[in-house]
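Printed here is input-v4.txt (compact mmCIF, C-alpha atoms):
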# COMPACT_ATOMS: atom_id res chain seq x y z
CA MET A 1 0.00 0.00 0.00
CA ALA A 2 1.01 3.61 -0.44
CA ILE A 3 -0.17 7.17 0.11
CA THR A 4 -1.28 8.90 -3.09
CA VAL A 5 -0.51 12.61 -3.24
CA TYR A 6 -1.72 15.09 -5.83
CA PHE A 7 0.53 18.16 -5.82
CA VAL A 8 -1.13 21.13 -7.53
CA ARG A 9 0.56 24.41 -8.39
CA HIS A 10 -1.51 27.43 -7.33
CA GLY A 11 -3.32 29.58 -9.90
CA GLN A 12 -1.65 32.49 -11.65
CA THR A 13 -0.90 35.58 -9.54
CA TYR A 14 -0.12 39.12 -10.59
CA LEU A 15 3.57 38.55 -9.83
CA ASN A 16 3.45 35.50 -12.14
CA LEU A 17 1.81 37.63 -14.80
CA TYR A 18 4.47 40.33 -14.48
CA ASN A 19 7.36 37.79 -14.48
CA ARG A 20 8.41 38.76 -10.97
CA ILE A 21 10.21 36.35 -8.65
CA GLN A 22 7.70 35.07 -6.10
CA GLY A 23 8.77 32.85 -3.26
CA TRP A 24 7.61 33.73 0.24
CA SER A 25 6.23 37.02 -1.06
CA ASP A 26 2.61 36.76 -2.14
CA ALA A 27 0.26 38.36 -4.62
CA PRO A 28 -3.45 38.02 -5.38
CA LEU A 29 -4.68 35.55 -7.94
CA THR A 30 -5.54 37.06 -11.30
CA GLN A 31 -8.83 36.22 -13.00
CA LYS A 32 -6.92 33.58 -14.92
CA GLY A 33 -5.56 32.33 -11.59
CA LEU A 34 -9.08 31.82 -10.27
CA GLU A 35 -9.90 29.97 -13.49
CA ASP A 36 -6.75 27.85 -13.08
CA ALA A 37 -7.99 26.82 -9.64
CA LYS A 38 -11.48 26.10 -10.92
CA HIS A 39 -10.06 23.98 -13.76
CA ALA A 40 -7.94 21.98 -11.32
CA GLY A 41 -11.02 21.45 -9.18
CA GLU A 42 -13.02 20.16 -12.14
CA THR A 43 -10.16 17.88 -13.15
CA LEU A 44 -9.86 16.41 -9.66
CA LYS A 45 -13.52 16.45 -8.63
CA GLN A 46 -13.90 12.66 -8.73
CA ILE A 47 -10.75 12.09 -6.65
CA ASN A 48 -12.01 11.62 -3.10
CA PHE A 49 -9.45 13.31 -0.90
CA ASP A 50 -8.97 12.06 2.65
CA THR A 51 -6.83 15.05 3.62
CA ALA A 52 -5.85 18.34 2.00
CA PHE A 53 -2.90 20.64 2.68
CA SER A 54 -1.72 23.94 1.30
CA SER A 55 1.24 26.17 1.98
CA ASP A 56 0.55 29.24 4.08
CA SER A 57 0.60 31.56 1.04
CA SER A 58 -2.81 33.00 0.17
CA ARG A 59 -2.42 31.99 -3.47
CA ALA A 60 -2.14 28.34 -2.42
CA ILE A 61 -4.88 28.51 0.22
CA ILE A 62 -7.42 30.03 -2.18
CA THR A 63 -6.51 27.54 -4.90
CA ALA A 64 -7.00 24.67 -2.45
CA GLN A 65 -10.36 26.06 -1.35
CA LYS A 66 -11.53 26.26 -4.97
CA ILE A 67 -10.42 22.67 -5.62
CA LEU A 68 -12.15 21.35 -2.50
CA ALA A 69 -15.36 23.23 -3.34
CA ALA A 70 -15.64 21.09 -6.47
CA ASN A 71 -14.48 17.85 -4.85
CA SER A 72 -16.53 14.78 -4.05
CA SER A 73 -15.09 14.63 -0.52
CA ALA A 74 -16.56 16.44 2.49
CA LEU A 75 -13.43 18.59 2.90
CA THR A 76 -13.86 22.34 2.58
CA GLU A 77 -10.63 23.82 3.93
CA PRO A 78 -7.00 22.74 3.60
CA ILE A 79 -4.68 22.22 6.53
CA ILE A 80 -2.20 25.11 6.38
CA GLU A 81 1.36 23.77 6.39
CA PRO A 82 4.32 26.17 6.00
CA ALA A 83 6.60 23.26 5.05
CA PHE A 84 4.99 23.35 1.59
CA ARG A 85 5.98 26.98 0.94
CA GLU A 86 7.83 27.99 -2.18
CA GLU A 87 11.60 28.41 -2.12
CA PHE A 88 12.63 31.64 -0.40
CA PHE A 89 14.58 33.86 -2.80
CA GLY A 90 15.66 36.37 -0.14
CA TYR A 91 17.03 39.61 -1.59
CA PHE A 92 15.68 38.65 -5.02
CA GLU A 93 12.02 38.40 -3.90
CA GLY A 94 9.85 40.53 -6.19
CA ALA A 95 12.67 41.23 -8.64
CA ASP A 96 12.19 41.10 -12.40
CA GLY A 97 12.69 37.41 -13.22
CA PRO A 98 14.28 37.56 -16.71
CA HIS A 99 16.66 40.34 -15.64
CA THR A 100 17.70 38.51 -12.46
CA TRP A 101 18.34 35.16 -14.15
CA ASP A 102 20.32 36.90 -16.88
CA PHE A 103 22.36 38.75 -14.22
CA LEU A 104 23.13 35.54 -12.29
CA GLY A 105 23.55 33.16 -15.21
CA ARG A 106 25.20 35.18 -17.96
CA PRO A 107 28.74 34.84 -16.52
CA LEU A 108 28.24 31.08 -17.04
CA GLY A 109 26.70 31.48 -20.49
CA MET A 110 23.16 30.90 -19.24
CA ASP A 111 20.63 33.71 -19.61
CA ASN A 112 17.42 32.23 -18.16
CA PHE A 113 16.27 30.08 -15.26
CA GLU A 114 15.60 26.99 -17.35
CA ALA A 115 19.06 27.15 -18.92
CA MET A 116 20.59 27.45 -15.45
CA ILE A 117 18.67 24.39 -14.23
CA ALA A 118 19.66 22.42 -17.33
CA GLY A 119 23.30 23.42 -17.09
CA LEU A 120 23.81 23.25 -13.33
CA SER A 121 20.81 21.47 -11.71
CA ILE A 122 18.09 23.13 -9.67
CA GLU A 123 19.95 22.23 -6.49
CA LYS A 124 23.11 24.08 -7.54
CA VAL A 125 21.07 27.03 -8.79
CA ARG A 126 19.41 27.28 -5.38
CA ASP A 127 22.82 27.45 -3.69
CA MET A 128 23.94 29.96 -6.33
CA ILE A 129 21.02 32.25 -5.45
CA HIS A 130 21.80 31.86 -1.75
CA ASP A 131 25.46 32.74 -2.32
CA ALA A 132 24.54 35.79 -4.45
CA ASP A 133 22.12 37.19 -1.85
CA PRO A 134 23.98 40.06 -0.11
CA TYR A 135 21.87 39.47 3.01
CA GLY A 136 22.32 35.70 3.01
CA ASP A 137 18.58 35.15 3.43
CA ALA A 138 17.79 33.12 0.30
CA GLU A 139 17.37 29.43 1.11
CA SER A 140 20.27 27.13 0.40
CA ASN A 141 19.46 23.72 -1.04
CA ASP A 142 20.02 22.10 2.36
CA ALA A 143 17.74 24.61 4.09
CA PHE A 144 15.01 24.16 1.48
CA TRP A 145 15.01 20.38 1.81
CA GLN A 146 15.22 20.42 5.59
CA ARG A 147 11.95 22.36 5.53
CA PHE A 148 10.26 20.51 2.69
CA ASP A 149 11.24 17.07 3.99
CA SER A 150 9.30 17.90 7.16
CA GLY A 151 6.26 18.20 4.88
CA PHE A 152 6.99 14.80 3.37
CA ASP A 153 7.20 13.40 6.92
CA ILE A 154 3.68 14.71 7.54
CA LEU A 155 2.44 13.09 4.32
CA ARG A 156 3.99 9.75 5.27
CA GLN A 157 2.19 9.91 8.61
CA GLN A 158 -1.21 9.78 6.86
CA PRO A 159 -3.09 6.48 7.10
CA ASP A 160 -1.96 3.88 4.60
CA GLY A 161 -4.00 4.08 1.42
CA SER A 162 -4.87 7.75 1.90
CA THR A 163 -5.38 10.12 -1.02
CA VAL A 164 -4.05 13.59 -0.27
CA LEU A 165 -4.18 17.00 -1.97
CA VAL A 166 -1.25 19.41 -1.56
CA VAL A 167 -1.39 22.86 -3.14
CA SER A 168 2.14 24.17 -3.41
CA HIS A 169 4.39 26.08 -5.80
CA GLY A 170 6.21 25.82 -9.10
CA THR A 171 9.86 25.71 -8.07
CA ALA A 172 9.02 23.47 -5.12
CA ILE A 173 7.26 20.97 -7.38
CA ARG A 174 10.01 20.94 -10.00
CA SER A 175 12.48 20.43 -7.12
CA ILE A 176 10.60 17.26 -6.15
CA VAL A 177 10.90 16.07 -9.74
CA SER A 178 14.60 16.93 -9.90
CA ARG A 179 15.26 14.90 -6.76
CA PHE A 180 13.09 11.86 -7.38
CA ALA A 181 12.54 11.65 -11.16
CA PRO A 182 15.00 13.88 -13.04
CA GLU A 183 14.22 12.03 -16.27
CA MET A 184 10.87 13.86 -16.26
CA ASN A 185 12.72 17.11 -17.06
CA PRO A 186 12.58 19.60 -14.16
CA THR A 187 13.46 22.40 -16.60
CA ASP A 188 9.78 22.21 -17.62
CA SER A 189 8.10 24.85 -15.45
CA PRO A 190 4.87 23.56 -13.84
CA LYS A 191 1.87 25.39 -15.28
CA ASN A 192 -0.44 27.24 -12.93
CA GLY A 193 -3.09 24.78 -11.82
CA SER A 194 -1.12 21.78 -13.08
CA ILE A 195 -1.13 18.43 -11.29
CA THR A 196 1.78 16.20 -10.30
CA LYS A 197 0.96 12.81 -8.78
CA LEU A 198 3.17 11.00 -6.26
CA SER A 199 3.00 7.60 -4.58
CA LEU A 200 4.71 7.51 -1.17
CA THR A 201 5.71 4.66 1.08
CA ASN A 202 7.84 4.86 4.22
CA THR A 203 10.94 4.26 2.12
CA SER A 204 10.15 5.42 -1.42
CA THR A 205 8.90 8.36 -3.45
CA LYS A 206 7.54 7.60 -6.91
CA ILE A 207 6.34 10.28 -9.32
CA ASP A 208 3.52 8.93 -11.47
CA PHE A 209 3.17 12.02 -13.66
CA PHE A 210 4.30 15.64 -13.70
CA ASN A 211 2.79 18.96 -14.79
CA LYS A 212 -0.52 17.79 -16.27
CA LEU A 213 -3.63 19.92 -16.79
CA THR A 214 -5.73 16.79 -17.36
CA LEU A 215 -5.45 13.39 -15.72
CA PRO A 216 -3.69 10.78 -17.87
CA THR A 217 -6.11 8.07 -18.96
CA ASP A 218 -3.71 5.30 -18.01
CA MET A 219 -3.34 6.38 -14.38
Translate the structure of the given file into structure tokens.
Amino acid sequence: MAITVYFVRHGQTYLNLYNRIQGWSDAPLTQKGLEDAKHAGETLKQINFDTAFSSDSSRAIITAQKILAANSSALTEPIIEPAFREEFFGYFEGADGPHTWDFLGRPLGMDNFEAMIAGLSIEKVRDMIHDADPYGDAESNDAFWQRFDSGFDILRQQPDGSTVLVVSHGTAIRSIVSRFAPEMNPTDSPKNGSITKLSLTNTSTKIDFFNKLTLPTDM
């Protein structure tokens, strides 16, 4: 037996729309973001969730509420869990994304975030951001995983056979893929409202699919 977890990226926010770096900072959902959440809810409405979590960012909480409103379970509110927050970008929070990635990556011949992940790995990019932060506040890879692994510990504590919803964030979700299924291409940015399915046991983490806006028919 295993615990089935559906990770969903929150709907689009205004900082997403404006290509601003958004980690622990937060912004309201756009109209498209509300539609992203509604679409995810429709896609998952026949999945009967035993438990639901979201990060403590409003964009994740509202997305989770919209999903649960459409769901066949009796759940109406997610459990708020800070472990499922996005990566903290420290000094670079709210900065123009394309400009920042060009600034950090160009000395290495990489002018965007995806190129940096492809050339270095998302783990090394996270440490690179930490090292470039003049305040030292951006999360290192070790700090990120110390926090996020505590969330995985909570998931593994759910009753065997449980089906769980987690509404989280784009870089966090692609970090899971990079760690446990790098062949699924973590350079592919999760779409707002997209679904990534995991199967967890006490000793294993299997990713069944990544970054889908509809459920695969063979799953």
Inset, instruction - Please measure the separation of CA of Pro98 (chain A) and CA of Asn112 (chain A), giving the value in Å to one decimal. - result: 6.4 Å
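Here CA of Leu200 (chain A) and CA of Thr4 (chain A) stand 6.4 Å from one another.
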Legend entry - Using all atoms listed in the file: which of A:Asp131, A:Asp50, A:Glu42, A:Asp149 has the shortest distance to Val5 (chain A): A:Asp50
Legend entry - Interatomic distance, CA of Gly109 (chain A) to CA of Arg20 (chain A) (Å, one decimal):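 For CA of Gly109 (chain A) relative to CA of Arg20 (chain A), the distance reads 21.9 Å.
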Legend entry - Among the residues A:Ile21, A:Ala138, A:Leu213, A:Ala95, the one that comes closest to Ala37 (chain A) [using only C-alpha atoms]: A:Leu213
Legend entry - Nearby residues (all atoms listed in the file) at most 12 Å from Trp24 (chain A), same-chain spacing under 2 positions excluded, as a PyMOL selection string: chain A and resi 15+21-22+26-27+55-60+82-94+137-139+168-169+171-172
Could you dump the residues just selected with C-alpha atoms as a PDB file, in the coordinates of the input?
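Saved the output as again28.pdb:
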ATOM      1  CA  LEU A  15       3.570  38.550  -9.830  1.00  0.00           C
ATOM      2  CA  ILE A  21      10.210  36.350  -8.650  1.00  0.00           C
ATOM      3  CA  GLN A  22       7.700  35.070  -6.100  1.00  0.00           C
ATOM      4  CA  ASP A  26       2.610  36.760  -2.140  1.00  0.00           C
ATOM      5  CA  ALA A  27       0.260  38.360  -4.620  1.00  0.00           C
ATOM      6  CA  SER A  55       1.240  26.170   1.980  1.00  0.00           C
ATOM      7  CA  ASP A  56       0.550  29.240   4.080  1.00  0.00           C
ATOM      8  CA  SER A  57       0.600  31.560   1.040  1.00  0.00           C
ATOM      9  CA  SER A  58      -2.810  33.000   0.170  1.00  0.00           C
ATOM     10  CA  ARG A  59      -2.420  31.990  -3.470  1.00  0.00           C
ATOM     11  CA  ALA A  60      -2.140  28.340  -2.420  1.00  0.00           C
ATOM     12  CA  PRO A  82       4.320  26.170   6.000  1.00  0.00           C
ATOM     13  CA  ALA A  83       6.600  23.260   5.050  1.00  0.00           C
ATOM     14  CA  PHE A  84       4.990  23.350   1.590  1.00  0.00           C
ATOM     15  CA  ARG A  85       5.980  26.980   0.940  1.00  0.00           C
ATOM     16  CA  GLU A  86       7.830  27.990  -2.180  1.00  0.00           C
ATOM     17  CA  GLU A  87      11.600  28.410  -2.120  1.00  0.00           C
ATOM     18  CA  PHE A  88      12.630  31.640  -0.400  1.00  0.00           C
ATOM     19  CA  PHE A  89      14.580  33.860  -2.800  1.00  0.00           C
ATOM     20  CA  GLY A  90      15.660  36.370  -0.140  1.00  0.00           C
ATOM     21  CA  TYR A  91      17.030  39.610  -1.590  1.00  0.00           C
ATOM     22  CA  PHE A  92      15.680  38.650  -5.020  1.00  0.00           C
ATOM     23  CA  GLU A  93      12.020  38.400  -3.900  1.00  0.00           C
ATOM     24  CA  GLY A  94       9.850  40.530  -6.190  1.00  0.00           C
ATOM     25  CA  ASP A 137      18.580  35.150   3.430  1.00  0.00           C
ATOM     26  CA  ALA A 138      17.790  33.120   0.300  1.00  0.00           C
ATOM     27  CA  GLU A 139      17.370  29.430   1.110  1.00  0.00           C
ATOM     28  CA  SER A 168       2.140  24.170  -3.410  1.00  0.00           C
ATOM     29  CA  HIS A 169       4.390  26.080  -5.800  1.00  0.00           C
ATOM     30  CA  THR A 171       9.860  25.710  -8.070  1.00  0.00           C
ATOM     31  CA  ALA A 172       9.020  23.470  -5.120  1.00  0.00           C
TER      32      ALA A 172
END
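The shortest atom-to-atom distance to Lys32 (chain A), with all atoms listed in the file taken into account, belongs to A:His10 out of A:Gly105, A:Asp208, A:Glu77, A:His10.
Of the residues under consideration (A:Ser25, A:Thr43, A:Thr203, A:Thr51), A:Thr43 shows the shortest atom-to-atom contact distance to Ala70 (chain A) when counting only C-alpha atoms.
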Legend entry - Selected residue of minimal separation from Gly119 (chain A) among A:Ser204, A:Ser199, A:Thr187, A:Asn48, counting only C-alpha atoms: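 Ranking A:Ser204, A:Ser199, A:Thr187, A:Asn48 by distance to Gly119 (chain A), first place goes to A:Thr187.
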Legend entry - Nearest residue to Met1 (chain A) from the set A:Arg156, A:Lys212, A:Lys197, A:Arg179 (distances using only C-alpha atoms):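 Of the candidates, the smallest distance to Met1 (chain A) is held by A:Arg156.
All protein, DNA and RNA residues at most 7 Å from (-1.2, 33.2, -9.4) are A:His10, A:Gly11, A:Gln12, A:Thr13, A:Tyr14, A:Asn16, A:Pro28, A:Leu29, A:Thr30, A:Gly33, A:Arg59, A:Asn192, using all atoms listed in the file.
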Just write the chosen residues, C-alpha atoms, as a short mmCIF file (atom, residue, chain, number, x, y, z; two decimals), in the coordinates of the input.
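Okay, result-v7.cif is ready:
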data_model
loop_
_atom_site.label_atom_id
_atom_site.label_comp_id
_atom_site.auth_asym_id
_atom_site.auth_seq_id
_atom_site.Cartn_x
_atom_site.Cartn_y
_atom_site.Cartn_z
CA HIS A 10 -1.51 27.43 -7.33
CA GLY A 11 -3.32 29.58 -9.90
CA GLN A 12 -1.65 32.49 -11.65
CA THR A 13 -0.90 35.58 -9.54
CA TYR A 14 -0.12 39.12 -10.59
CA ASN A 16 3.45 35.50 -12.14
CA PRO A 28 -3.45 38.02 -5.38
CA LEU A 29 -4.68 35.55 -7.94
CA THR A 30 -5.54 37.06 -11.30
CA GLY A 33 -5.56 32.33 -11.59
CA ARG A 59 -2.42 31.99 -3.47
CA ASN A 192 -0.44 27.24 -12.93
#
Legend entry - Spatial neighbours of Thr214 (chain A), max dist 9 Å, only C-alpha atoms, sep filter under 2 positions, as a list in words: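 Returned residues: Ala40, Thr43, Leu44, Ser194, Ile195, Lys212, Pro216 and Thr217 of chain A.
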Legend entry - Surrounding residues of Ala2 (chain A) excluding itself and chain neighbours under 3 positions, 6 Å, only C-alpha atoms, as a PyMOL selection string: chain A and resi 160-161+200-201
